[in-house]
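See structure below.
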Amino acid sequence: MSRIDVAALITALGGRESLQHLLGVGPSAVSNYLTKGALPNRARPLVCQALQERGYQVDPQSLSITALPLVKSGRPQARERQGAAILLIVGGGIAAYKALEVSRRLQDHGIKVTGVMTKAAQQFITPLSLSALTAQKTYSDLFSLTEEAEMGHIRLARETDLVVVVPATASLMARTAQGLADDLATTLLLATKAPIIMAPAMNPAMWSNAATQANLATLRQRGIEVIGPVTGETACGEEGKGRMSGPDTIVTAAVAKLAQTVSAGALTGKHALVTSGPTVEPLDAVRFISNHSSGRQGHAIAAALARRGTRVTLVSGPVNIPDPPGVAMIHVRTAEQMLAACKAALPADIAICTAAVADWRAQKPVKGKIKKLPGDTAAPTISLTKNPDILAQLSSHSQRPKLVIGFAAETDNLQANASEKLRRKGCDWILANAVSPDSSDGTVFGNEHNKVSLITSDEKEDWPMMLKTELADKLVQRIINTIGVVNAKN
Ligand code: PMT
């Protein structure tokens, strides 16, 4: 009888102890099975049954796992329904062993999982273990000609609905933030167009290091969802934030993300106009009126729309963050320029005004620098004039987008003022956010988080504090759910 891959069976069953427990034997018996590549006859039906209960198809003769894990009854049959596929990138850390559990649980949801391992990851688990669990080849070498012939890295990056990195080490995060492509994992992360989830795991000092935090901010800004880490005892024995989130949390996030990608093409053929950032209104050659808007919220909305197949025109004032991928970018400085760019971008199906437009500008900006002459006692008088209201003008335009959405930045009477703005500006929805620097929710301007209430003419919904990227996804999902109704009315 040919050898049995006992190591693969052990992995599929959840470890050596599971096999010992199943067969009622000790560790030395299992070592014996591994050496001989054989199991006692009485063990075969038990092993077959246990594997089937775990959702695997097993050949009773060879005991090889020949097919993809079956979908367990009662679970949503995602793979059959939508053919969902995940690329599971395993980084080199002690938490790599949890990637095996993540892989198994993803498959419980009917998701096809293909493993990719960094060189360092192979110090902790073997590609064979991952392949045994996924019933797919596990990839690791960027320059393997066989792999290139079988499955070029670009194809591998593209033929997936989601990329999940477990664990995301400090090095993997840094290399991804830098856009390096120095191994298969980082090349795939750079080449993929699918959403990415990272589950970091590292020593607490490494996590809190300014370099890691800067990389984290960059990754989030680019739309990568970062799960955890959590506080607890880390592998190095230190207590603090750096422990990887549990497999359940990671799997829940991945399944939720996949549900979003199901609606990926939902806005294909639609055109969305988004405003973002501050406007800068000159007083003279060197001075201006502006505000602290960073463009994070508006840019995240534009990126989320683009990911759903929307043609996006993003009109933004000056910001220090990169242009989101896949959008037509128009850079402006003043409110008047922003209005002109918005009007030129019409017709559009959706308009979202996130920009913090300066309400006033200098009536006559001085060409040179206003001079402070020796002996001047009085400050100069600057006459201001009102800027055009872009949101109001889009709402009443002859080519009015079907759905016009504004934001209301308020320091007092949030709900009442936002509802009043909704009526006065004639938009369909307004997202009210408290922007007072001493607000209990923290400063919204420039921050990564936002907390809003969605207000329409007949309802109000309070959304919890979340990342601006998450808020963008939630808003876009809401638009997708609504746009069909709006279209039907017209
Ligand atoms: O850029 P971030 O740092 O990520 O911060 C995000 C944000 C705080 C800027 C954003 O969440 C937000 O609240 N944007 C609206 C800011 C604002 O100008 O609010 P407002 O209440 O003054 O204006 C109400 C609405 O009218 C807004 O949609 C605004 O874009 C629009 N408006 C205002 C004045 C004007 N002249 N033209 C306009 O279109």
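Simple scheme: letters A, B, ... for chains in structure tokens order, numbers from 1 for residues in each chain, numbers from 1 for ligands in the order shown.
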
**OP:** Could you tell me, counting only C-alpha atoms and all ligand atoms, which protein and nucleic acid residues lie no more than 6 Å from ligand 1, written as a list of chain:residue names?
**Re:** A:Gly277, A:Ser293, A:Ser294, A:Gly295, A:Arg296, A:Gln297, A:Cys353, A:Thr354, A:Ala355, A:Ala356, A:Val357, A:Ala358, A:Asp359, A:Asn387, A:Pro388, A:Asp389, A:Ile390, A:Leu391, A:Gly406, A:Phe407, A:Ala408, A:Ala409, A:Asn433, A:Val444, A:Phe445, A:Gly446, A:Asn447

Original post:
Using only C-alpha atoms, which residues sit within 12 Å of Ala434 of chain A once same-chain residues fewer than 2 positions away are excluded, as JSON, numbers by chain?
Top reply: {"A": [407, 408, 409, 410, 411, 412, 413, 414, 415, 417, 418, 431, 432, 436, 437, 438, 439, 440, 441, 442, 443, 444, 445, 449, 450, 451, 452, 453, 465]}

**OP:** Name all residues at most 8 Å from Ala132 of chain A (count only C-alpha atoms; drop same-chain ones fewer than 4 positions away) and give them as a PyMOL selection string.
**Re:** chain A and resi 8-9+11-12+65+128+136

Output for the residues just chosen: all heavy atoms as a PDB file, in the first residue's frame:
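Everything below was put into out28.pdb:
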ATOM      1  N   ALA A   8      -0.103  15.884   6.395  1.00  0.00           N
ATOM      2  CA  ALA A   8      -1.219  16.677   5.848  1.00  0.00           C
ATOM      3  C   ALA A   8      -2.512  16.361   6.598  1.00  0.00           C
ATOM      4  O   ALA A   8      -3.315  17.267   6.890  1.00  0.00           O
ATOM      5  CB  ALA A   8      -1.378  16.382   4.364  1.00  0.00           C
ATOM      6  N   LEU A   9      -2.696  15.065   6.932  1.00  0.00           N
ATOM      7  CA  LEU A   9      -3.912  14.693   7.666  1.00  0.00           C
ATOM      8  C   LEU A   9      -3.931  15.347   9.044  1.00  0.00           C
ATOM      9  O   LEU A   9      -4.966  15.830   9.505  1.00  0.00           O
ATOM     10  CB  LEU A   9      -3.988  13.159   7.829  1.00  0.00           C
ATOM     11  CG  LEU A   9      -4.146  12.352   6.542  1.00  0.00           C
ATOM     12  CD1 LEU A   9      -4.215  10.865   6.855  1.00  0.00           C
ATOM     13  CD2 LEU A   9      -5.385  12.786   5.794  1.00  0.00           C
ATOM     14  N   THR A  11      -2.527  18.115   9.947  1.00  0.00           N
ATOM     15  CA  THR A  11      -2.841  19.536   9.804  1.00  0.00           C
ATOM     16  C   THR A  11      -4.331  19.728   9.584  1.00  0.00           C
ATOM     17  O   THR A  11      -4.966  20.585  10.198  1.00  0.00           O
ATOM     18  CB  THR A  11      -2.057  20.143   8.628  1.00  0.00           C
ATOM     19  OG1 THR A  11      -0.697  19.768   8.760  1.00  0.00           O
ATOM     20  CG2 THR A  11      -2.165  21.645   8.598  1.00  0.00           C
ATOM     21  N   ALA A  12      -4.892  18.911   8.685  1.00  0.00           N
ATOM     22  CA  ALA A  12      -6.313  19.045   8.365  1.00  0.00           C
ATOM     23  C   ALA A  12      -7.191  18.746   9.581  1.00  0.00           C
ATOM     24  O   ALA A  12      -8.270  19.324   9.729  1.00  0.00           O
ATOM     25  CB  ALA A  12      -6.662  18.120   7.213  1.00  0.00           C
ATOM     26  N   ILE A  65      -6.602  14.084   0.512  1.00  0.00           N
ATOM     27  CA  ILE A  65      -7.677  15.074   0.404  1.00  0.00           C
ATOM     28  C   ILE A  65      -7.657  15.511  -1.045  1.00  0.00           C
ATOM     29  O   ILE A  65      -6.754  16.223  -1.486  1.00  0.00           O
ATOM     30  CB  ILE A  65      -7.424  16.253   1.362  1.00  0.00           C
ATOM     31  CG1 ILE A  65      -7.298  15.729   2.782  1.00  0.00           C
ATOM     32  CG2 ILE A  65      -8.523  17.282   1.273  1.00  0.00           C
ATOM     33  CD1 ILE A  65      -6.758  16.742   3.761  1.00  0.00           C
ATOM     34  N   LEU A 128       3.300  22.867   2.731  1.00  0.00           N
ATOM     35  CA  LEU A 128       2.517  21.627   2.637  1.00  0.00           C
ATOM     36  C   LEU A 128       1.297  21.682   3.556  1.00  0.00           C
ATOM     37  O   LEU A 128       0.198  21.274   3.182  1.00  0.00           O
ATOM     38  CB  LEU A 128       3.405  20.435   2.998  1.00  0.00           C
ATOM     39  CG  LEU A 128       2.704  19.081   2.943  1.00  0.00           C
ATOM     40  CD1 LEU A 128       2.326  18.734   1.501  1.00  0.00           C
ATOM     41  CD2 LEU A 128       3.582  17.992   3.541  1.00  0.00           C
ATOM     42  N   GLN A 136      -5.173  23.521  -2.409  1.00  0.00           N
ATOM     43  CA  GLN A 136      -4.660  24.336  -3.521  1.00  0.00           C
ATOM     44  C   GLN A 136      -3.150  24.391  -3.389  1.00  0.00           C
ATOM     45  O   GLN A 136      -2.622  24.290  -2.283  1.00  0.00           O
ATOM     46  CB  GLN A 136      -5.173  25.782  -3.424  1.00  0.00           C
ATOM     47  CG  GLN A 136      -6.664  25.947  -3.481  1.00  0.00           C
ATOM     48  CD  GLN A 136      -7.228  25.642  -4.852  1.00  0.00           C
ATOM     49  OE1 GLN A 136      -6.583  25.912  -5.872  1.00  0.00           O
ATOM     50  NE2 GLN A 136      -8.403  25.050  -4.882  1.00  0.00           N
TER      51      GLN A 136
END

Subject >> Atom pair atom CA of Pro318 of chain A / atom CA of Ala272 of chain A: separation (Å) >> reply: 20.3 Å

**OP:** Would you mind listing what lies within 10 Å of Ala7 of chain A as a ChimeraX atom specification, with only C-alpha atoms counted and same-chain residues fewer than 6 positions away left out?
**Re:** /A:13,15-16,30-31,33-35,37,128-129,132

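Backbone DSSP over segment 133-180 of chain A gives strand (DSSP E) for A:Leu162, A:Val163, A:Val164, A:Val165, A:Val166, A:Pro167, A:Ala168.
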
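Between atom CA of Arg3 of chain A and atom CA of Val47 of chain A the separation is 15.5 Å.
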
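The residue that comes closest to Ile86 of chain A, out of A:Ser171, A:Ser28, A:Thr192, A:Gln49 and on the basis of only C-alpha atoms, is A:Thr192.
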
**OP:** Could you give me, as a VMD selection string, the residues within 9 Å of segment 155-169 of chain A, counting only C-alpha atoms and dropping anything in the same chain fewer than 4 positions from it?
**Re:** chain A and resid 83 to 96 98 to 99 102 114 151 173 to 174 187 to 202 244 250 254 257 to 258 261 to 262

Original post:
Which residues come within 10 Å of Trp207 of chain A, counting only C-alpha atoms, excluding same-chain residues fewer than 2 positions away, as a ChimeraX atom specification?
Top reply: /A:169-170,200-205,209-213,216,229,240-243

Just N, CA, C and O atoms for this one: save the residues we selected as a PDB file, in the first residue's frame.
ATOM      1  N   THR A 169       3.425  41.309   9.375  1.00  0.00           N
ATOM      2  CA  THR A 169       4.560  41.666  10.231  1.00  0.00           C
ATOM      3  C   THR A 169       4.917  43.135   9.994  1.00  0.00           C
ATOM      4  O   THR A 169       4.478  43.743   9.010  1.00  0.00           O
ATOM      5  N   ALA A 170       5.748  43.687  10.862  1.00  0.00           N
ATOM      6  CA  ALA A 170       6.187  45.086  10.701  1.00  0.00           C
ATOM      7  C   ALA A 170       6.875  45.242   9.353  1.00  0.00           C
ATOM      8  O   ALA A 170       6.668  46.229   8.639  1.00  0.00           O
ATOM      9  N   PRO A 200      -2.176  42.677  11.628  1.00  0.00           N
ATOM     10  CA  PRO A 200      -0.814  42.804  12.132  1.00  0.00           C
ATOM     11  C   PRO A 200      -0.564  41.980  13.399  1.00  0.00           C
ATOM     12  O   PRO A 200      -1.487  41.750  14.196  1.00  0.00           O
ATOM     13  N   ALA A 201       0.668  41.557  13.576  1.00  0.00           N
ATOM     14  CA  ALA A 201       1.107  40.893  14.806  1.00  0.00           C
ATOM     15  C   ALA A 201       2.580  41.214  14.991  1.00  0.00           C
ATOM     16  O   ALA A 201       3.376  41.000  14.075  1.00  0.00           O
ATOM     17  N   MET A 202       2.915  41.772  16.129  1.00  0.00           N
ATOM     18  CA  MET A 202       4.330  42.074  16.393  1.00  0.00           C
ATOM     19  C   MET A 202       4.527  42.459  17.858  1.00  0.00           C
ATOM     20  O   MET A 202       3.546  42.614  18.593  1.00  0.00           O
ATOM     21  N   ASN A 203       5.759  42.670  18.211  1.00  0.00           N
ATOM     22  CA  ASN A 203       6.117  43.103  19.548  1.00  0.00           C
ATOM     23  C   ASN A 203       5.500  44.496  19.797  1.00  0.00           C
ATOM     24  O   ASN A 203       5.477  45.322  18.891  1.00  0.00           O
ATOM     25  N   PRO A 204       4.979  44.756  21.030  1.00  0.00           N
ATOM     26  CA  PRO A 204       4.308  46.034  21.286  1.00  0.00           C
ATOM     27  C   PRO A 204       5.174  47.258  20.980  1.00  0.00           C
ATOM     28  O   PRO A 204       4.660  48.268  20.498  1.00  0.00           O
ATOM     29  N   ALA A 205       6.466  47.172  21.234  1.00  0.00           N
ATOM     30  CA  ALA A 205       7.333  48.328  20.954  1.00  0.00           C
ATOM     31  C   ALA A 205       7.435  48.552  19.449  1.00  0.00           C
ATOM     32  O   ALA A 205       7.453  49.695  18.975  1.00  0.00           O
ATOM     33  N   ASN A 209       6.060  51.941  17.504  1.00  0.00           N
ATOM     34  CA  ASN A 209       7.122  52.739  16.884  1.00  0.00           C
ATOM     35  C   ASN A 209       6.534  53.667  15.822  1.00  0.00           C
ATOM     36  O   ASN A 209       5.657  53.284  15.056  1.00  0.00           O
ATOM     37  N   ALA A 210       7.055  54.907  15.793  1.00  0.00           N
ATOM     38  CA  ALA A 210       6.516  55.907  14.867  1.00  0.00           C
ATOM     39  C   ALA A 210       6.570  55.432  13.414  1.00  0.00           C
ATOM     40  O   ALA A 210       5.688  55.753  12.609  1.00  0.00           O
ATOM     41  N   ALA A 211       7.592  54.648  13.072  1.00  0.00           N
ATOM     42  CA  ALA A 211       7.717  54.181  11.681  1.00  0.00           C
ATOM     43  C   ALA A 211       6.548  53.265  11.330  1.00  0.00           C
ATOM     44  O   ALA A 211       5.922  53.394  10.275  1.00  0.00           O
ATOM     45  N   THR A 212       6.230  52.331  12.251  1.00  0.00           N
ATOM     46  CA  THR A 212       5.114  51.407  11.987  1.00  0.00           C
ATOM     47  C   THR A 212       3.800  52.181  11.934  1.00  0.00           C
ATOM     48  O   THR A 212       2.938  51.914  11.085  1.00  0.00           O
ATOM     49  N   GLN A 213       3.642  53.147  12.847  1.00  0.00           N
ATOM     50  CA  GLN A 213       2.396  53.921  12.866  1.00  0.00           C
ATOM     51  C   GLN A 213       2.246  54.744  11.584  1.00  0.00           C
ATOM     52  O   GLN A 213       1.137  54.896  11.065  1.00  0.00           O
ATOM     53  N   LEU A 216       1.231  52.334   8.955  1.00  0.00           N
ATOM     54  CA  LEU A 216      -0.180  51.985   9.173  1.00  0.00           C
ATOM     55  C   LEU A 216      -1.089  53.063   8.574  1.00  0.00           C
ATOM     56  O   LEU A 216      -2.067  52.758   7.877  1.00  0.00           O
ATOM     57  N   PRO A 229      -3.905  45.198  15.795  1.00  0.00           N
ATOM     58  CA  PRO A 229      -3.781  44.088  16.737  1.00  0.00           C
ATOM     59  C   PRO A 229      -4.509  44.410  18.056  1.00  0.00           C
ATOM     60  O   PRO A 229      -4.977  45.516  18.233  1.00  0.00           O
ATOM     61  N   GLY A 240       1.117  43.999  25.965  1.00  0.00           N
ATOM     62  CA  GLY A 240       0.872  45.266  25.271  1.00  0.00           C
ATOM     63  C   GLY A 240       0.111  45.043  23.988  1.00  0.00           C
ATOM     64  O   GLY A 240      -0.378  43.928  23.722  1.00  0.00           O
ATOM     65  N   LYS A 241       0.011  46.087  23.175  1.00  0.00           N
ATOM     66  CA  LYS A 241      -0.736  45.991  21.920  1.00  0.00           C
ATOM     67  C   LYS A 241       0.182  45.449  20.840  1.00  0.00           C
ATOM     68  O   LYS A 241       1.244  46.026  20.591  1.00  0.00           O
ATOM     69  N   GLY A 242      -0.195  44.355  20.228  1.00  0.00           N
ATOM     70  CA  GLY A 242       0.665  43.766  19.214  1.00  0.00           C
ATOM     71  C   GLY A 242       0.247  42.335  18.906  1.00  0.00           C
ATOM     72  O   GLY A 242       0.702  41.748  17.935  1.00  0.00           O
ATOM     73  N   ARG A 243      -0.634  41.814  19.742  1.00  0.00           N
ATOM     74  CA  ARG A 243      -1.094  40.439  19.557  1.00  0.00           C
ATOM     75  C   ARG A 243      -2.101  40.399  18.401  1.00  0.00           C
ATOM     76  O   ARG A 243      -2.967  41.277  18.313  1.00  0.00           O
TER      77      ARG A 243
END

**OP:** Would you please extract all alpha helix (DSSP H) residues from segment 217-425 of chain A, as assigned by DSSP on the backbone, and give them as a count of residues only?
**Re:** 62

**OP:** Might you pull out every residue within 12 Å of Asp458 of chain A, with only C-alpha atoms counted and same-chain residues fewer than 2 positions away left off, and present them as a ChimeraX atom specification?
**Re:** /A:419,422-423,428-430,454-456,460-461

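Between atom CA of Leu219 of chain A and atom CA of Ala177 of chain A the separation is 5.8 Å.
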
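Comparing the minimum interatomic distances between Gly368 of chain A and each of A:Lys112, A:Arg287, A:Arg307, A:Lys270, counting only C-alpha atoms, we find that A:Arg287 sits nearest.
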
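Between Val226 of chain A and the candidates A:Ala253, A:Leu51, A:Val319, A:Ala362, the tightest atom-to-atom separation, counting only C-alpha atoms, involves A:Ala253.
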
Original post:
Which of these residues is nearest to Pro365 of chain A, using only C-alpha atoms: A:Thr334, A:Met329, A:Ser316, A:Phe288?
Top reply: A:Phe288
